[in-house]
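K.L.:
Contents of run_9.cif (mmCIF, C-alpha atoms) are given next:
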data_upload
#
loop_
_atom_site.group_PDB
_atom_site.id
_atom_site.type_symbol
_atom_site.label_atom_id
_atom_site.label_comp_id
_atom_site.auth_asym_id
_atom_site.auth_seq_id
_atom_site.Cartn_x
_atom_site.Cartn_y
_atom_site.Cartn_z
ATOM 1 C CA MET A 1 6.101 133.981 -46.245
ATOM 2 C CA LYS A 2 3.480 135.798 -44.206
ATOM 3 C CA ASN A 3 2.073 139.132 -45.372
ATOM 4 C CA LEU A 4 2.939 141.630 -42.609
ATOM 5 C CA TRP A 5 1.119 144.604 -44.155
ATOM 6 C CA ASN A 6 -1.096 146.418 -41.663
ATOM 7 C CA ASP A 7 -3.320 149.250 -42.951
ATOM 8 C CA ALA A 8 -3.417 151.034 -39.585
ATOM 9 C CA GLU A 9 0.370 150.899 -39.150
ATOM 10 C CA ALA A 10 0.940 152.082 -42.716
ATOM 11 C CA GLU A 11 -1.431 155.033 -42.267
ATOM 12 C CA LYS A 12 0.161 155.900 -38.922
ATOM 13 C CA LEU A 13 3.567 156.171 -40.611
ATOM 14 C CA VAL A 14 2.103 158.192 -43.516
ATOM 15 C CA GLU A 15 0.608 160.659 -41.001
ATOM 16 C CA HIS A 16 3.842 160.805 -38.996
ATOM 17 C CA TYR A 17 5.920 161.690 -42.051
ATOM 18 C CA ALA A 18 3.298 164.011 -43.582
ATOM 19 C CA GLY A 19 4.007 166.365 -40.690
ATOM 20 C CA LYS A 20 7.638 166.409 -41.834
ATOM 21 C CA GLY A 21 6.825 167.148 -45.487
ATOM 22 C CA VAL A 22 7.267 163.564 -46.710
ATOM 23 C CA SER A 23 4.874 162.419 -49.423
ATOM 24 C CA ARG A 24 2.507 159.494 -49.048
ATOM 25 C CA ASP A 25 4.402 157.514 -51.706
ATOM 26 C CA LEU A 26 7.722 157.907 -49.916
ATOM 27 C CA ALA A 27 6.225 157.177 -46.488
ATOM 28 C CA LEU A 28 4.682 153.964 -47.809
ATOM 29 C CA ARG A 29 8.006 153.028 -49.398
ATOM 30 C CA VAL A 30 9.673 153.478 -45.993
ATOM 31 C CA TYR A 31 6.981 151.294 -44.397
ATOM 32 C CA THR A 32 7.308 148.455 -46.904
ATOM 33 C CA THR A 33 11.097 148.645 -46.917
ATOM 34 C CA ARG A 34 11.107 148.193 -43.153
ATOM 35 C CA LEU A 35 8.748 145.221 -43.470
ATOM 36 C CA LEU A 36 11.117 143.535 -45.905
ATOM 37 C CA GLY A 37 14.256 144.523 -44.014
ATOM 38 C CA GLY A 38 12.858 143.357 -40.693
ATOM 39 C CA ASP A 39 12.608 139.752 -41.834
ATOM 40 C CA PRO A 40 16.058 138.111 -41.748
ATOM 41 C CA ARG A 41 14.802 135.363 -44.066
ATOM 42 C CA LEU A 42 14.363 137.951 -46.803
ATOM 43 C CA VAL A 43 17.525 140.006 -46.427
ATOM 44 C CA LEU A 44 21.177 139.375 -45.766
ATOM 45 C CA HIS A 45 22.542 142.012 -43.368
ATOM 46 C CA GLY A 46 19.861 144.566 -44.306
ATOM 47 C CA GLY A 47 20.747 144.126 -47.953
ATOM 48 C CA GLY A 48 18.652 144.700 -50.991
ATOM 49 C CA ASN A 49 17.017 147.705 -52.528
ATOM 50 C CA THR A 50 13.590 149.211 -52.769
ATOM 51 C CA SER A 51 12.367 152.146 -54.796
ATOM 52 C CA VAL A 52 9.325 154.180 -55.715
ATOM 53 C CA LYS A 53 8.668 156.375 -58.731
ATOM 54 C CA THR A 54 6.833 159.504 -57.681
ATOM 55 C CA GLU A 55 6.381 163.144 -58.594
ATOM 56 C CA MET A 56 8.563 165.635 -56.703
ATOM 57 C CA THR A 57 9.670 169.250 -56.996
ATOM 58 C CA ASN A 58 13.198 170.071 -58.143
ATOM 59 C CA LEU A 59 15.247 173.119 -57.125
ATOM 60 C CA ALA A 60 13.774 175.225 -59.951
ATOM 61 C CA GLY A 61 10.275 174.480 -58.664
ATOM 62 C CA ASP A 62 9.395 172.150 -61.536
ATOM 63 C CA ARG A 63 7.404 168.986 -60.891
ATOM 64 C CA VAL A 64 9.455 166.042 -62.150
ATOM 65 C CA MET A 65 9.206 162.299 -61.972
ATOM 66 C CA ALA A 66 11.730 161.060 -59.460
ATOM 67 C CA LEU A 67 13.002 157.709 -58.344
ATOM 68 C CA CYS A 68 13.473 157.370 -54.599
ATOM 69 C CA VAL A 69 15.803 154.411 -54.198
ATOM 70 C CA LYS A 70 17.596 152.963 -51.186
ATOM 71 C CA GLY A 71 20.855 154.733 -50.578
ATOM 72 C CA SER A 72 24.137 152.969 -49.984
ATOM 73 C CA GLY A 73 24.810 152.259 -46.346
ATOM 74 C CA TRP A 74 21.197 152.274 -45.183
ATOM 75 C CA ASP A 75 19.690 149.197 -43.532
ATOM 76 C CA MET A 76 16.269 148.227 -44.847
ATOM 77 C CA GLY A 77 15.061 147.276 -41.362
ATOM 78 C CA ASP A 78 15.201 150.789 -39.918
ATOM 79 C CA ILE A 79 15.385 153.052 -42.965
ATOM 80 C CA GLU A 80 14.186 156.650 -42.822
ATOM 81 C CA PRO A 81 13.055 158.811 -45.776
ATOM 82 C CA ALA A 82 16.575 160.279 -46.030
ATOM 83 C CA GLY A 83 17.777 156.763 -46.821
ATOM 84 C CA LEU A 84 15.823 156.799 -50.087
ATOM 85 C CA PRO A 85 17.509 159.588 -52.080
ATOM 86 C CA ALA A 86 15.515 161.032 -54.970
ATOM 87 C CA VAL A 87 16.983 161.201 -58.465
ATOM 88 C CA GLN A 88 15.358 162.698 -61.535
ATOM 89 C CA LEU A 89 13.991 159.753 -63.458
ATOM 90 C CA ALA A 90 13.960 160.872 -67.116
ATOM 91 C CA PRO A 91 17.731 161.442 -67.473
ATOM 92 C CA LEU A 92 18.445 158.022 -65.958
ATOM 93 C CA GLN A 93 15.943 156.287 -68.216
ATOM 94 C CA ARG A 94 17.645 157.789 -71.283
ATOM 95 C CA LEU A 95 20.810 155.894 -70.297
ATOM 96 C CA ALA A 96 19.118 152.635 -71.332
ATOM 97 C CA ALA A 97 19.927 153.544 -74.949
ATOM 98 C CA ILE A 98 23.685 153.569 -74.266
ATOM 99 C CA ASP A 99 25.471 150.309 -75.079
ATOM 100 C CA SER A 100 27.828 150.406 -72.099
ATOM 101 C CA LEU A 101 28.593 152.614 -69.130
ATOM 102 C CA SER A 102 31.516 152.429 -66.765
ATOM 103 C CA ASP A 103 30.839 152.200 -63.043
ATOM 104 C CA GLU A 104 32.149 155.748 -62.704
ATOM 105 C CA ASP A 105 29.762 157.030 -65.388
ATOM 106 C CA MET A 106 26.787 155.333 -63.694
ATOM 107 C CA VAL A 107 27.651 156.811 -60.298
ATOM 108 C CA ASN A 108 28.214 160.221 -61.879
ATOM 109 C CA ALA A 109 24.849 160.132 -63.673
ATOM 110 C CA GLN A 110 23.097 159.198 -60.439
ATOM 111 C CA ARG A 111 24.861 161.879 -58.366
ATOM 112 C CA CYS A 112 24.292 164.553 -61.039
ATOM 113 C CA ASN A 113 20.557 163.858 -61.001
ATOM 114 C CA LEU A 114 20.008 163.872 -57.239
ATOM 115 C CA LEU A 115 17.341 166.332 -56.143
ATOM 116 C CA ASP A 116 19.401 166.974 -53.002
ATOM 117 C CA SER A 117 23.191 166.929 -53.304
ATOM 118 C CA GLN A 118 23.472 166.122 -49.588
ATOM 119 C CA SER A 119 21.756 162.751 -50.129
ATOM 120 C CA PRO A 120 23.642 159.481 -49.827
ATOM 121 C CA ASN A 121 24.754 157.732 -52.997
ATOM 122 C CA PRO A 122 21.839 155.882 -54.542
ATOM 123 C CA SER A 123 22.170 152.118 -54.784
ATOM 124 C CA VAL A 124 24.429 150.688 -57.477
ATOM 125 C CA GLU A 125 21.255 149.084 -58.848
ATOM 126 C CA THR A 126 19.501 152.443 -59.359
ATOM 127 C CA LEU A 127 19.523 152.178 -63.144
ATOM 128 C CA LEU A 128 17.809 148.787 -63.050
ATOM 129 C CA HIS A 129 15.083 150.298 -60.848
ATOM 130 C CA ALA A 130 14.802 153.259 -63.242
ATOM 131 C CA PHE A 131 14.486 151.017 -66.306
ATOM 132 C CA LEU A 132 11.753 148.803 -64.836
ATOM 133 C CA PRO A 133 8.246 150.151 -65.568
ATOM 134 C CA HIS A 134 6.794 149.546 -62.098
ATOM 135 C CA LYS A 135 6.025 152.257 -59.545
ATOM 136 C CA PHE A 136 7.337 150.184 -56.628
ATOM 137 C CA VAL A 137 10.317 147.842 -57.034
ATOM 138 C CA ASP A 138 11.528 145.476 -54.307
ATOM 139 C CA HIS A 139 14.805 143.602 -54.531
ATOM 140 C CA THR A 140 16.242 141.768 -51.566
ATOM 141 C CA HIS A 141 19.289 139.651 -50.919
ATOM 142 C CA SER A 142 17.349 136.709 -49.547
ATOM 143 C CA ASN A 143 19.142 134.181 -47.366
ATOM 144 C CA ALA A 144 16.735 131.543 -48.701
ATOM 145 C CA VAL A 145 17.981 132.174 -52.251
ATOM 146 C CA LEU A 146 21.614 133.049 -51.566
ATOM 147 C CA ALA A 147 22.427 130.034 -49.353
ATOM 148 C CA PRO A 148 21.561 127.354 -51.949
ATOM 149 C CA THR A 149 23.168 129.434 -54.706
ATOM 150 C CA VAL A 150 26.441 129.692 -52.789
ATOM 151 C CA ALA A 151 26.273 125.976 -51.988
ATOM 152 C CA LEU A 152 25.940 125.193 -55.695
ATOM 153 C CA LEU A 153 28.905 127.372 -56.576
ATOM 154 C CA THR A 154 31.256 125.904 -53.971
#
Take the structure in the file and write it out as structure tokens.
P.N.:
Amino acid sequence: MKNLWNDAEAEKLVEHYAGKGVSRDLALRVYTTRLLGGDPRLVLHGGGNTSVKTEMTNLAGDRVMALCVKGSGWDMGDIEPAGLPAVQLAPLQRLAAIDSLSDEDMVNAQRCNLLDSQSPNPSVETLLHAFLPHKFVDHTHSNAVLAPTVALLT
């Protein structure tokens, strides 16, 4: 796999989105998500998820740690900042202590902690991204991995 990162292109996108009030962290997450999503060897039909943990301001004006994670229905190859809805991180991380959650409870927790209620539903894998300690998390549905796996199962 070839590294497609380009400092000039990344900075150009950061500057473009800065004029629209988008943070550097989120702009870089958009850039790297597009790099991953633009390579059909790495994704199956735009599938996968990316996220970034960053500080944002909630409705009350408080600075909170947020997780911006790919929203359902967005293609990684042409994602925009709106396709990475922000959820408050701390309440989601506390869910790791619960033995089991229904799908409905997970979706409810994610929707209740959105910083913008107009955002798309965060990925079904949001909690995994929240529980991992890394600032940036990349998860793709790679054709190179899925094809042999499916072949083994059939």
K.L.:
So which one's closest to Gly47 (chain A), A:Pro91, A:Pro133, A:Gly71, A:Pro120? Using all atoms listed in the file, please.
P.N.:
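Counting all atoms listed in the file, the residue closest to Gly47 (chain A) is A:Gly71.
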K.L.:
Grab the CA of Thr57 (chain A) to CA of Gln118 (chain A) distance for me, in Å with one decimal place.
P.N.:
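Distance between the two atoms: 16.0 Å.
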K.L.:
Which residues, written as a ChimeraX atom specification, have at least one atom at most 10 Å from region 16-23 of chain A, with all atoms listed in the file counted and residues fewer than 5 positions away on the same chain left out?
P.N.:
/A:10-11,28-30,54-56,80-82
K.L.:
For each of A:Asp116, A:Cys68, A:Gly73, A:Ile79, take the minimum atom-to-atom distance to Ala130 (chain A), counting only C-alpha atoms, then give the residue where this is smallest.
P.N.:
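Among the listed residues, A:Cys68 lies closest to Ala130 (chain A).
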K.L.:
Write out as a tab-separated table the residues of region 58-96 of chain A that have any atom within 10 Å of an atom of region 136-141 of chain A, one row each with the nearest atom pair and its distance in Å to one decimal, counting all atoms listed in the file, sorted by chain and then rising number.
P.N.:
residue	atom	partner	partner_atom	distance
A:Leu67	CA	A:Phe136	CA	9.6
A:Cys68	CA	A:Phe136	CA	9.7
A:Val69	CA	A:Val137	CA	9.0
A:Met76	CA	A:Thr140	CA	9.3
K.L.:
Starting from the displayed file, determine the output of the PyMOL selection byres ((chain A and resi 99-107) around 12) and express the residue list as number ranges by chain.
P.N.:
A: 72, 87, 91-98, 108-114, 120-128
K.L.:
Around region 86-99 of chain A, with edges along x, y and z and 4 Å added on all six sides, what centre and edge lengths do you get, in Å to one decimal, as AutoDock Vina command-line options?
P.N.:
--center_x 19.7 --center_y 156.5 --center_z -65.0 --size_x 19.5 --size_y 20.4 --size_z 28.1
K.L.:
Have a look at CA of Val64 (chain A) and CA of Gln88 (chain A) and let me know their distance in Å, one decimal.
P.N.:
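Atom-to-atom, CA of Val64 (chain A) to CA of Gln88 (chain A), that is 6.8 Å.
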K.L.:
Which distance in Å separates CA of Lys53 (chain A) and CA of Pro40 (chain A), to one decimal?
P.N.:
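CA of Pro40 (chain A) lies 26.0 Å from CA of Lys53 (chain A).
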K.L.:
Tell me, as a ChimeraX atom specification, which residues lie within 7 Å of Ser142 (chain A), counting all atoms listed in the file; anything in the same chain fewer than 6 positions away does not count.
P.N.:
/A:41-44
K.L.:
Take the residues just selected and output them with C-alpha atoms as a compact mmCIF listing (two decimals), in the frame of the given file.
P.N.:
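Saved as selection_13.txt:
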# COMPACT_ATOMS: atom_id res chain seq x y z
CA ARG A 41 14.80 135.36 -44.07
CA LEU A 42 14.36 137.95 -46.80
CA VAL A 43 17.52 140.01 -46.43
CA LEU A 44 21.18 139.38 -45.77
K.L.:
Taking the partial coordinates given, rebuild region 17-40 of chain A to contain N, CA, C and O atoms; return it as an mmCIF file, keeping the file's coordinate frame.
P.N.:
data_model
loop_
_atom_site.group_PDB
_atom_site.id
_atom_site.type_symbol
_atom_site.label_atom_id
_atom_site.label_comp_id
_atom_site.auth_asym_id
_atom_site.auth_seq_id
_atom_site.Cartn_x
_atom_site.Cartn_y
_atom_site.Cartn_z
ATOM 1 N N TYR A 17 5.006 161.037 -41.120
ATOM 2 C CA TYR A 17 5.920 161.690 -42.051
ATOM 3 C C TYR A 17 5.283 162.864 -42.787
ATOM 4 O O TYR A 17 5.993 163.776 -43.217
ATOM 5 N N ALA A 18 3.964 162.878 -42.927
ATOM 6 C CA ALA A 18 3.298 164.011 -43.582
ATOM 7 C C ALA A 18 3.604 165.299 -42.830
ATOM 8 O O ALA A 18 3.809 166.357 -43.437
ATOM 9 N N GLY A 19 3.670 165.206 -41.513
ATOM 10 C CA GLY A 19 4.007 166.365 -40.690
ATOM 11 C C GLY A 19 5.432 166.857 -40.909
ATOM 12 O O GLY A 19 5.781 167.962 -40.501
ATOM 13 N N LYS A 20 6.249 166.048 -41.553
ATOM 14 C CA LYS A 20 7.638 166.409 -41.834
ATOM 15 C C LYS A 20 7.850 166.699 -43.321
ATOM 16 O O LYS A 20 8.977 166.769 -43.795
ATOM 17 N N GLY A 21 6.740 166.817 -44.066
ATOM 18 C CA GLY A 21 6.825 167.148 -45.487
ATOM 19 C C GLY A 21 7.147 165.979 -46.400
ATOM 20 O O GLY A 21 7.520 166.177 -47.549
ATOM 21 N N VAL A 22 6.983 164.754 -45.908
ATOM 22 C CA VAL A 22 7.267 163.564 -46.710
ATOM 23 C C VAL A 22 5.977 163.105 -47.379
ATOM 24 O O VAL A 22 4.932 162.988 -46.725
ATOM 25 N N SER A 23 6.054 162.827 -48.669
ATOM 26 C CA SER A 23 4.874 162.419 -49.423
ATOM 27 C C SER A 23 4.367 161.051 -48.994
ATOM 28 O O SER A 23 5.094 160.248 -48.413
ATOM 29 N N ARG A 24 3.123 160.793 -49.330
ATOM 30 C CA ARG A 24 2.507 159.494 -49.048
ATOM 31 C C ARG A 24 3.285 158.354 -49.714
ATOM 32 O O ARG A 24 3.554 157.338 -49.101
ATOM 33 N N ASP A 25 3.653 158.549 -50.994
ATOM 34 C CA ASP A 25 4.402 157.514 -51.706
ATOM 35 C C ASP A 25 5.692 157.153 -50.975
ATOM 36 O O ASP A 25 6.010 155.983 -50.789
ATOM 37 N N LEU A 26 6.446 158.169 -50.572
ATOM 38 C CA LEU A 26 7.722 157.907 -49.916
ATOM 39 C C LEU A 26 7.518 157.294 -48.533
ATOM 40 O O LEU A 26 8.245 156.379 -48.133
ATOM 41 N N ALA A 27 6.511 157.756 -47.807
ATOM 42 C CA ALA A 27 6.225 157.177 -46.488
ATOM 43 C C ALA A 27 5.845 155.706 -46.610
ATOM 44 O O ALA A 27 6.301 154.866 -45.810
ATOM 45 N N LEU A 28 5.042 155.366 -47.604
ATOM 46 C CA LEU A 28 4.682 153.964 -47.809
ATOM 47 C C LEU A 28 5.890 153.132 -48.238
ATOM 48 O O LEU A 28 6.016 151.963 -47.863
ATOM 49 N N ARG A 29 6.796 153.745 -49.009
ATOM 50 C CA ARG A 29 8.006 153.028 -49.398
ATOM 51 C C ARG A 29 8.871 152.751 -48.173
ATOM 52 O O ARG A 29 9.457 151.680 -48.046
ATOM 53 N N VAL A 30 8.943 153.694 -47.246
ATOM 54 C CA VAL A 30 9.673 153.478 -45.993
ATOM 55 C C VAL A 30 9.023 152.326 -45.223
ATOM 56 O O VAL A 30 9.715 151.419 -44.744
ATOM 57 N N TYR A 31 7.706 152.346 -45.127
ATOM 58 C CA TYR A 31 6.981 151.294 -44.397
ATOM 59 C C TYR A 31 7.268 149.912 -44.986
ATOM 60 O O TYR A 31 7.640 148.987 -44.268
ATOM 61 N N THR A 32 7.122 149.771 -46.297
ATOM 62 C CA THR A 32 7.308 148.455 -46.904
ATOM 63 C C THR A 32 8.775 148.022 -46.888
ATOM 64 O O THR A 32 9.071 146.837 -46.748
ATOM 65 N N THR A 33 9.676 148.978 -46.993
ATOM 66 C CA THR A 33 11.097 148.645 -46.917
ATOM 67 C C THR A 33 11.432 148.087 -45.541
ATOM 68 O O THR A 33 12.165 147.098 -45.414
ATOM 69 N N ARG A 34 10.879 148.698 -44.519
ATOM 70 C CA ARG A 34 11.107 148.193 -43.153
ATOM 71 C C ARG A 34 10.504 146.801 -42.966
ATOM 72 O O ARG A 34 11.086 145.966 -42.269
ATOM 73 N N LEU A 35 9.343 146.560 -43.571
ATOM 74 C CA LEU A 35 8.748 145.221 -43.470
ATOM 75 C C LEU A 35 9.678 144.175 -44.074
ATOM 76 O O LEU A 35 9.909 143.119 -43.488
ATOM 77 N N LEU A 36 10.201 144.470 -45.253
ATOM 78 C CA LEU A 36 11.117 143.535 -45.905
ATOM 79 C C LEU A 36 12.420 143.397 -45.111
ATOM 80 O O LEU A 36 12.901 142.299 -44.874
ATOM 81 N N GLY A 37 12.973 144.520 -44.711
ATOM 82 C CA GLY A 37 14.256 144.523 -44.014
ATOM 83 C C GLY A 37 14.203 143.940 -42.620
ATOM 84 O O GLY A 37 15.222 143.531 -42.072
ATOM 85 N N GLY A 38 13.008 143.891 -42.043
ATOM 86 C CA GLY A 38 12.858 143.357 -40.693
ATOM 87 C C GLY A 38 12.756 141.850 -40.643
ATOM 88 O O GLY A 38 12.738 141.263 -39.558
ATOM 89 N N ASP A 39 12.717 141.204 -41.795
ATOM 90 C CA ASP A 39 12.608 139.752 -41.834
ATOM 91 C C ASP A 39 13.941 139.177 -42.298
ATOM 92 O O ASP A 39 14.274 139.249 -43.484
ATOM 93 N N PRO A 40 14.728 138.601 -41.384
ATOM 94 C CA PRO A 40 16.058 138.111 -41.748
ATOM 95 C C PRO A 40 16.037 136.991 -42.788
ATOM 96 O O PRO A 40 17.060 136.720 -43.412
#
